[in-house]
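Structure file protein_13.cif; described as mmCIF, C-alpha atoms.
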data_entry
loop_
_atom_site.label_atom_id
_atom_site.label_comp_id
_atom_site.auth_asym_id
_atom_site.auth_seq_id
_atom_site.Cartn_x
_atom_site.Cartn_y
_atom_site.Cartn_z
CA ASP A 1 48.63 104.78 -168.32
CA ASN A 2 45.45 106.58 -169.27
CA GLU A 3 44.07 103.47 -170.97
CA LYS A 4 44.95 101.38 -167.91
CA GLU A 5 43.07 103.84 -165.71
CA LEU A 6 39.98 103.65 -167.95
CA ILE A 7 40.05 99.84 -167.85
CA TYR A 8 40.47 99.89 -164.06
CA LEU A 9 37.56 102.31 -163.66
CA SER A 10 35.33 100.30 -165.99
CA LYS A 11 35.88 97.20 -163.89
CA ASP A 12 35.20 99.19 -160.72
CA VAL A 13 31.77 100.51 -161.82
CA PRO A 14 29.73 97.59 -160.36
CA ARG A 15 31.37 98.15 -156.96
CA ALA A 16 30.75 101.90 -157.22
CA LEU A 17 27.08 101.29 -157.97
CA GLU A 18 26.74 98.96 -155.00
CA ASN A 19 28.40 101.54 -152.74
CA LYS A 20 26.24 104.37 -154.13
CA GLU A 21 29.24 106.33 -155.39
CA ILE A 22 27.65 107.17 -158.74
CA ILE A 23 25.15 109.95 -158.15
CA PRO A 24 23.36 112.69 -160.09
CA PHE A 25 24.75 116.18 -160.39
CA PHE A 26 22.32 118.76 -161.75
CA GLN A 27 22.72 121.41 -164.44
CA LEU A 28 20.34 124.35 -164.47
CA LYS A 29 17.96 125.20 -167.28
CA ILE A 30 17.20 128.92 -167.30
CA SER A 31 14.37 130.83 -168.97
CA THR A 32 15.64 133.41 -171.46
CA LYS A 33 12.68 135.67 -170.60
CA THR A 34 12.72 135.62 -166.80
CA GLU A 35 16.23 134.29 -166.03
CA LYS A 36 14.57 131.99 -163.52
CA ILE A 37 15.38 128.30 -163.19
CA THR A 38 12.80 126.20 -165.03
CA GLY A 39 14.31 122.77 -164.52
CA VAL A 40 17.47 120.72 -164.31
CA GLU A 41 19.19 117.91 -166.16
CA ALA A 42 20.55 115.07 -164.03
CA LEU A 43 24.03 113.92 -165.08
CA ALA A 44 26.04 111.01 -163.72
CA ARG A 45 29.09 111.77 -161.59
CA TRP A 46 31.28 109.29 -159.76
CA MET A 47 32.28 110.26 -156.22
CA HIS A 48 35.21 107.86 -155.89
CA LYS A 49 36.30 107.25 -152.31
CA GLU A 50 39.99 107.58 -153.25
CA LYS A 51 40.12 109.54 -156.52
CA GLY A 52 37.44 112.14 -155.76
CA ILE A 53 35.02 113.25 -158.47
CA ILE A 54 35.53 111.22 -161.66
CA PRO A 55 34.18 113.02 -164.76
CA PRO A 56 31.87 111.08 -167.09
CA TYR A 57 34.31 110.91 -170.00
CA LYS A 58 36.46 108.59 -167.88
CA PHE A 59 33.81 105.93 -167.34
CA ILE A 60 30.66 106.45 -169.44
CA GLU A 61 32.12 105.30 -172.78
CA LYS A 62 33.49 102.07 -171.30
CA ALA A 63 30.20 101.56 -169.45
CA GLU A 64 28.36 101.79 -172.76
CA GLU A 65 30.71 99.19 -174.25
CA ASN A 66 30.31 96.65 -171.44
CA GLY A 67 26.64 97.27 -170.63
CA ASN A 68 27.09 98.87 -167.20
CA ILE A 69 25.51 102.02 -168.61
CA VAL A 70 22.04 100.48 -168.15
CA ARG A 71 22.48 100.26 -164.37
CA ILE A 72 23.99 103.75 -164.31
CA ASP A 73 21.11 105.28 -166.29
CA LEU A 74 18.43 103.62 -164.17
CA ARG A 75 20.20 104.59 -160.95
CA ILE A 76 20.53 108.24 -162.00
CA ALA A 77 16.89 108.28 -163.12
CA GLU A 78 15.64 106.92 -159.80
CA LEU A 79 17.82 109.11 -157.60
CA ALA A 80 16.91 112.19 -159.62
CA ILE A 81 13.16 111.47 -159.48
CA ALA A 82 13.40 110.82 -155.72
CA SER A 83 15.22 114.15 -155.27
CA TYR A 84 12.64 115.97 -157.39
CA LYS A 85 9.83 114.53 -155.26
CA ASN A 86 11.60 115.77 -152.14
CA TRP A 87 12.05 119.27 -153.59
CA LEU A 88 8.37 119.35 -154.48
CA VAL A 89 7.21 118.18 -151.05
CA ASN A 90 9.39 120.79 -149.36
CA GLY A 91 8.16 123.61 -151.59
CA LEU A 92 11.54 124.24 -153.22
CA VAL A 93 10.21 123.99 -156.77
CA GLU A 94 6.93 124.88 -158.44
CA ASP A 95 4.54 122.56 -160.26
CA ASN A 96 5.96 123.49 -163.68
CA PHE A 97 9.57 122.55 -162.79
CA ILE A 98 11.00 119.95 -165.22
CA LEU A 99 13.44 117.20 -164.27
CA SER A 100 15.27 115.57 -167.16
CA PHE A 101 17.76 112.72 -167.47
CA ASN A 102 19.47 110.83 -170.29
CA LEU A 103 18.90 107.32 -171.55
CA SER A 104 21.75 105.85 -173.59
CA PRO A 105 21.33 103.69 -176.73
CA LYS A 106 21.99 100.49 -174.75
CA THR A 107 19.49 101.44 -172.07
CA LEU A 108 16.85 102.24 -174.66
CA ASN A 109 17.41 98.78 -176.14
CA VAL A 110 16.28 97.12 -172.89
CA HIS A 111 13.02 95.53 -173.99
CA ASN A 112 10.88 96.98 -171.18
CA ILE A 113 12.69 100.27 -170.61
CA ASP A 114 9.49 102.27 -171.06
CA GLU A 115 7.80 100.32 -168.26
CA LEU A 116 10.85 100.63 -165.99
CA ILE A 117 10.81 104.42 -166.28
CA ILE A 118 7.03 104.61 -165.96
CA ASP A 119 7.26 102.45 -162.82
CA LEU A 120 9.69 104.95 -161.28
CA VAL A 121 7.29 107.80 -162.00
CA ARG A 122 4.49 105.87 -160.32
CA LYS A 123 6.66 104.73 -157.41
CA TYR A 124 7.47 108.31 -156.40
CA LYS A 125 4.01 109.60 -157.32
CA VAL A 126 5.21 112.47 -159.47
CA ASN A 127 3.43 114.05 -162.40
CA PRO A 128 4.81 112.47 -165.60
CA GLN A 129 4.48 115.87 -167.28
CA ASN A 130 7.33 117.07 -165.05
CA ILE A 131 9.66 114.26 -166.12
CA GLU A 132 11.65 114.49 -169.33
CA VAL A 133 13.72 111.78 -171.00
CA GLU A 134 16.59 113.03 -173.19
CA ILE A 135 17.55 110.99 -176.24
CA THR A 136 20.36 111.86 -178.65
CA GLU A 137 19.51 112.25 -182.32
CA ARG A 138 22.03 109.48 -183.15
CA VAL A 139 19.96 106.99 -181.18
CA VAL A 140 16.82 107.68 -183.19
CA ILE A 141 18.60 107.52 -186.52
CA GLU A 142 20.12 104.11 -185.74
CA ASN A 143 16.86 102.28 -184.98
CA TYR A 144 13.94 104.49 -185.89
CA GLU A 145 10.99 102.11 -185.54
CA HIS A 146 12.09 100.73 -182.17
CA PHE A 147 12.66 104.12 -180.59
CA LYS A 148 9.54 105.62 -182.10
CA ASN A 149 7.51 103.00 -180.22
CA ILE A 150 9.28 103.77 -176.93
CA ILE A 151 8.83 107.52 -177.37
CA THR A 152 5.16 107.01 -178.24
CA ARG A 153 4.69 105.03 -175.01
CA PHE A 154 6.34 107.78 -172.95
CA ARG A 155 4.17 110.42 -174.57
CA GLU A 156 0.99 108.41 -174.00
CA ILE A 157 1.51 108.59 -170.24
CA GLY A 158 2.62 112.23 -170.38
CA ILE A 159 6.41 111.91 -170.01
CA LEU A 160 8.22 114.59 -172.02
CA VAL A 161 10.86 113.56 -174.56
CA ALA A 162 13.73 115.77 -175.70
CA ILE A 163 15.92 115.23 -178.73
CA ASP A 164 19.40 116.02 -177.40
CA ASP A 165 22.52 117.31 -179.19
CA PHE A 166 20.48 118.29 -182.25
CA SER A 167 22.72 119.32 -185.14
CA ALA A 168 20.32 119.81 -188.06
CA GLY A 169 21.33 116.97 -190.37
CA ASN A 170 18.82 115.97 -193.04
CA ALA A 171 17.97 112.76 -191.20
CA SER A 172 17.49 114.66 -187.95
CA LEU A 173 15.03 117.09 -189.50
CA ASP A 174 13.12 114.17 -190.96
CA TYR A 175 12.78 112.44 -187.59
CA ILE A 176 11.55 115.46 -185.65
CA LEU A 177 8.71 115.64 -188.16
CA LYS A 178 7.79 111.99 -187.58
CA ILE A 179 8.23 111.63 -183.82
CA ASP A 180 6.38 113.42 -181.04
CA PHE A 181 9.34 115.14 -179.38
CA THR A 182 8.38 117.85 -176.92
CA THR A 183 11.77 119.55 -176.63
CA LEU A 184 14.55 120.40 -179.08
CA LYS A 185 18.01 120.83 -177.56
CA ILE A 186 20.36 122.51 -180.03
CA ASP A 187 23.92 121.23 -179.84
CA ARG A 188 26.78 123.48 -178.73
CA SER A 189 28.55 122.83 -182.05
CA LEU A 190 26.03 125.09 -183.83
CA LEU A 191 26.72 127.87 -181.33
CA ASN A 192 30.50 127.73 -181.66
CA GLY A 193 31.76 130.84 -183.44
CA ILE A 194 28.25 132.14 -184.05
CA THR A 195 28.94 135.48 -182.36
CA LYS A 196 31.91 136.30 -184.62
CA ASP A 197 29.81 137.84 -187.41
CA ASN A 198 29.05 134.36 -188.68
CA HIS A 199 25.82 135.28 -190.46
CA LYS A 200 25.34 131.91 -192.16
CA LYS A 201 25.60 130.03 -188.88
CA THR A 202 23.24 132.51 -187.24
CA GLU A 203 20.66 131.96 -190.00
CA ILE A 204 20.95 128.18 -189.61
CA TYR A 205 20.41 128.47 -185.85
CA LYS A 206 17.47 130.80 -186.40
CA ALA A 207 15.92 128.39 -188.92
CA ILE A 208 16.17 125.48 -186.46
CA VAL A 209 14.47 127.55 -183.77
CA GLU A 210 11.68 128.50 -186.16
CA ILE A 211 11.13 124.88 -187.25
CA GLY A 212 10.97 123.75 -183.62
CA LYS A 213 8.49 126.51 -182.77
CA LYS A 214 6.23 125.56 -185.67
CA LEU A 215 6.20 122.00 -184.32
CA ASN A 216 5.22 123.31 -180.85
CA MET A 217 8.52 122.22 -179.33
CA LYS A 218 10.33 123.93 -176.48
CA ILE A 219 13.74 125.11 -177.67
CA ILE A 220 16.82 124.86 -175.46
CA ALA A 221 20.25 126.20 -176.39
CA GLU A 222 23.01 123.95 -175.06
CA GLY A 223 26.49 125.11 -174.13
CA VAL A 224 25.89 128.83 -173.60
CA GLU A 225 29.10 130.12 -172.05
CA SER A 226 29.28 133.89 -172.52
CA LEU A 227 27.12 137.01 -172.23
CA GLU A 228 27.55 137.58 -175.96
CA GLU A 229 26.15 134.14 -176.74
CA LEU A 230 23.32 134.65 -174.26
CA ARG A 231 22.27 137.93 -175.91
CA LEU A 232 22.28 136.33 -179.34
CA ILE A 233 20.27 133.33 -178.14
CA ARG A 234 17.71 135.66 -176.61
CA SER A 235 17.40 137.58 -179.86
CA LEU A 236 16.65 134.30 -181.67
CA LYS A 237 13.67 133.65 -179.33
CA VAL A 238 15.08 130.46 -177.78
CA ASP A 239 13.04 129.43 -174.72
CA GLU A 240 15.74 128.22 -172.34
CA ILE A 241 19.49 128.00 -172.05
CA GLN A 242 21.76 125.45 -170.44
CA GLY A 243 25.46 126.02 -170.06
CA TYR A 244 28.40 127.21 -168.01
CA TYR A 245 27.35 130.86 -168.28
CA TYR A 246 24.93 130.13 -165.44
CA SER A 247 26.22 126.90 -163.97
CA LYS A 248 28.25 123.76 -164.45
CA PRO A 249 26.61 120.54 -163.17
CA ILE A 250 26.44 120.83 -159.38
CA LYS A 251 25.70 118.66 -156.34
CA GLU A 252 22.15 118.50 -155.03
CA GLU A 253 23.07 120.52 -151.93
CA GLU A 254 24.46 123.32 -154.14
CA LEU A 255 21.36 123.21 -156.30
CA ILE A 256 19.10 123.58 -153.27
CA GLU A 257 21.14 126.57 -152.10
CA TYR A 258 20.88 128.13 -155.55
CA ILE A 259 17.11 127.63 -155.63
CA LYS A 260 16.70 129.14 -152.16
CA LYS A 261 18.82 132.20 -153.02
CA ASN A 262 16.96 132.79 -156.28
CA THR A 263 13.43 132.28 -154.99
CA VAL A 264 11.45 135.46 -154.47
CA ASP A 265 8.76 135.21 -151.77
#

File written out as structure tokens:
Amino acid sequence: DNEKELIYLSKDVPRALENKEIIPFFQLKISTKTEKITGVEALARWMHKEKGIIPPYKFIEKAEENGNIVRIDLRIAELAIASYKNWLVNGLVEDNFILSFNLSPKTLNVHNIDELIIDLVRKYKVNPQNIEVEITERVVIENYEHFKNIITRFREIGILVAIDDFSAGNASLDYILKIDFTTLKIDRSLLNGITKDNHKKTEIYKAIVEIGKKLNMKIIAEGVESLEELRLIRSLKVDEIQGYYYSKPIKEEELIEYIKKNTVD
């Protein structure tokens, strides 16, 4: 039954896109120093007219298999950039606020994907230095030369590029030395169990942070869920955190309310 549902949903994605049911939710990125919001990551959520909110694990994987992920990624990117422009115009966010979104392997293989994203930045007249593209380390490893060229193009215009779900494999360390990533997002898997007197894991996490700092990268800890984890992350001099300790991905209206409540005049 579960497989049937996934197949049904995968076939229903084109209709959902046409009816604007797939929209961005936003997860906060919080400064470890000030505890203020520094940016958000836009994540795809499906607001199904009959089934309610459909989580990404129920449709993203199939969308990657059948190619629908390209339309999803580009839609989320455009809606998120349009929202960011609106927040900026209305004084809800400051000039250093960063909006990020993901591009999947299939989307990155679109031959002119760099120009499509750059066109969106120009269309909404936003500063490219406030826009960040997130790319998983797996993507880079699979086709290094191709993705290096895309990342170089993004960086030339000023768009930030984050390596997402970083897990410190040998290949990963090699690529962050070769490619001009601006942000290093450390995967939740390296945080799991780290607070239970796991000194080896703590040292590995600390070493990754230090490497990123030496390469002038911003360091973000993904998946922070408890006060204990937050305190440890702060002690390791990580720049920002993202995780359920502060917020799950939320609707734009909820994000705006959060920003208003946490803005000091």

- Distance in Å - CA of Ser100 (chain A) versus CA of Gly39 (chain A): 7.7 Å

- Residue neighbourhood Ile22 (chain A), 10 Å, all atoms listed in the file, exclusion window fewer than 5 positions, as JSON, numbers by chain: {"A": [13, 14, 15, 16, 17, 43, 44, 45, 46, 47, 48, 53, 54, 72, 75, 76]}

Output as a Markdown table one row per residue of region 47-87 of chain A within 12 Å of region 121-143 of chain A: the closest atom pair and its distance in Å to one decimal place, counting all atoms listed in the file, sorted by chain and residue number ascending.
| residue | atom | partner | partner_atom | distance |
| --- | --- | --- | --- | --- |
| A:Asp73 | CA | A:Val133 | CA | 10.9 |
| A:Leu74 | CA | A:Val133 | CA | 11.6 |
| A:Ile76 | CA | A:Val133 | CA | 11.8 |
| A:Ala77 | CA | A:Val133 | CA | 9.2 |
| A:Glu78 | CA | A:Val121 | CA | 8.7 |
| A:Leu79 | CA | A:Tyr124 | CA | 10.4 |
| A:Ala80 | CA | A:Ile131 | CA | 10.0 |
| A:Ile81 | CA | A:Tyr124 | CA | 7.2 |
| A:Ala82 | CA | A:Tyr124 | CA | 6.5 |
| A:Ser83 | CA | A:Tyr124 | CA | 9.8 |
| A:Tyr84 | CA | A:Val126 | CA | 8.5 |
| A:Lys85 | CA | A:Val126 | CA | 6.6 |
| A:Asn86 | CA | A:Tyr124 | CA | 9.5 |
| A:Trp87 | CA | A:Val126 | CA | 11.3 |

Residues within 8 Å of (22.8, 128.0, -183.1), counting all atoms listed in the file, listed as an mmCIF file with C-alpha atoms, in the frame of the given file:
data_model
loop_
_atom_site.group_PDB
_atom_site.id
_atom_site.type_symbol
_atom_site.label_atom_id
_atom_site.label_comp_id
_atom_site.auth_asym_id
_atom_site.auth_seq_id
_atom_site.Cartn_x
_atom_site.Cartn_y
_atom_site.Cartn_z
ATOM 1 C CA ILE A 186 20.360 122.510 -180.030
ATOM 2 C CA ASP A 187 23.920 121.230 -179.840
ATOM 3 C CA ARG A 188 26.780 123.480 -178.730
ATOM 4 C CA SER A 189 28.550 122.830 -182.050
ATOM 5 C CA LEU A 190 26.030 125.090 -183.830
ATOM 6 C CA LEU A 191 26.720 127.870 -181.330
ATOM 7 C CA ASN A 192 30.500 127.730 -181.660
ATOM 8 C CA ILE A 194 28.250 132.140 -184.050
ATOM 9 C CA LYS A 201 25.600 130.030 -188.880
ATOM 10 C CA THR A 202 23.240 132.510 -187.240
ATOM 11 C CA ILE A 204 20.950 128.180 -189.610
ATOM 12 C CA TYR A 205 20.410 128.470 -185.850
ATOM 13 C CA LYS A 206 17.470 130.800 -186.400
ATOM 14 C CA ILE A 208 16.170 125.480 -186.460
ATOM 15 C CA ALA A 221 20.250 126.200 -176.390
ATOM 16 C CA ILE A 233 20.270 133.330 -178.140
#

- Could you spell out the hits of the PyMOL selection byres ((chain A and resi 69) around 10) on the shown file, as a PyMOL selection string? chain A and resi 13+59-68+70-75+103-107

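CA of Leu215 (chain A) sits 22.7 Å away from CA of Glu41 (chain A).
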
- Task: Take CA of Val224 (chain A) and CA of Asn198 (chain A) and report the distance between them in Å, one decimal.
- Result: 16.4 Å

- Test item: residues at most 10 Å from Lys185 (chain A), only C-alpha atoms, excluding those fewer than 5 positions along its chain, as a list of chain:residue names: A:Glu134, A:Ile135, A:Thr136, A:Glu137, A:Ala162, A:Ile163, A:Asp164, A:Asp165, A:Phe166, A:Ser167, A:Val209, A:Gly212, A:Met217, A:Lys218, A:Ile219, A:Ile220, A:Ala221, A:Glu222, A:Glu240, A:Ile241, A:Gln242

- Which is closest to Pro24 (chain A) among A:Leu230, A:Thr152, A:Val110, A:Pro56, if we use only C-alpha atoms? A:Pro56

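With all atoms listed in the file as the basis for measurement, A:Glu21 is the residue among A:Val40, A:Asn112, A:Glu203, A:Glu21 that approaches Gly52 (chain A) most closely.
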
- Would you kindly return, as an MDAnalysis selection string, each protein, DNA or RNA residue with an atom no farther than 9 Å from any atom of region 253-257 of chain A, considering all atoms listed in the file and excluding same-chain residues fewer than 2 positions away? chainID A and resid 25:28 87 92 250:251 259:262

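Shortest atom-to-atom contact with Lys49 (chain A) among A:Glu252, A:Glu35, A:Asp12, A:Glu3: A:Asp12, counting all atoms listed in the file.
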
- Task: Check what the PyMOL selection byres ((chain A and resi 32) around 8) selects in the file above and give those residues as an MDAnalysis selection string.
- Result: chainID A and resid 30:31 33:35 234 238:241

- To verify the selection step, state as a PyMOL selection string which residues the PyMOL selection byres ((chain A and resi 244) around 8) yields on this input. chain A and resi 223-225+242-243+245-248

Serialized selection, C-alpha atoms, as a compact mmCIF listing (two decimals), keeping the file's coordinate frame:
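Full text of again_7.txt as output:
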# COMPACT_ATOMS: atom_id res chain seq x y z
CA GLY A 223 26.49 125.11 -174.13
CA VAL A 224 25.89 128.83 -173.60
CA GLU A 225 29.10 130.12 -172.05
CA GLN A 242 21.76 125.45 -170.44
CA GLY A 243 25.46 126.02 -170.06
CA TYR A 245 27.35 130.86 -168.28
CA TYR A 246 24.93 130.13 -165.44
CA SER A 247 26.22 126.90 -163.97
CA LYS A 248 28.25 123.76 -164.45

- Note on the structure: Across A:Ser226, A:Ile151, A:Ala42, A:Lys11, the smallest distance to Asn102 (chain A), with all atoms listed in the file counted, is shown by A:Ala42
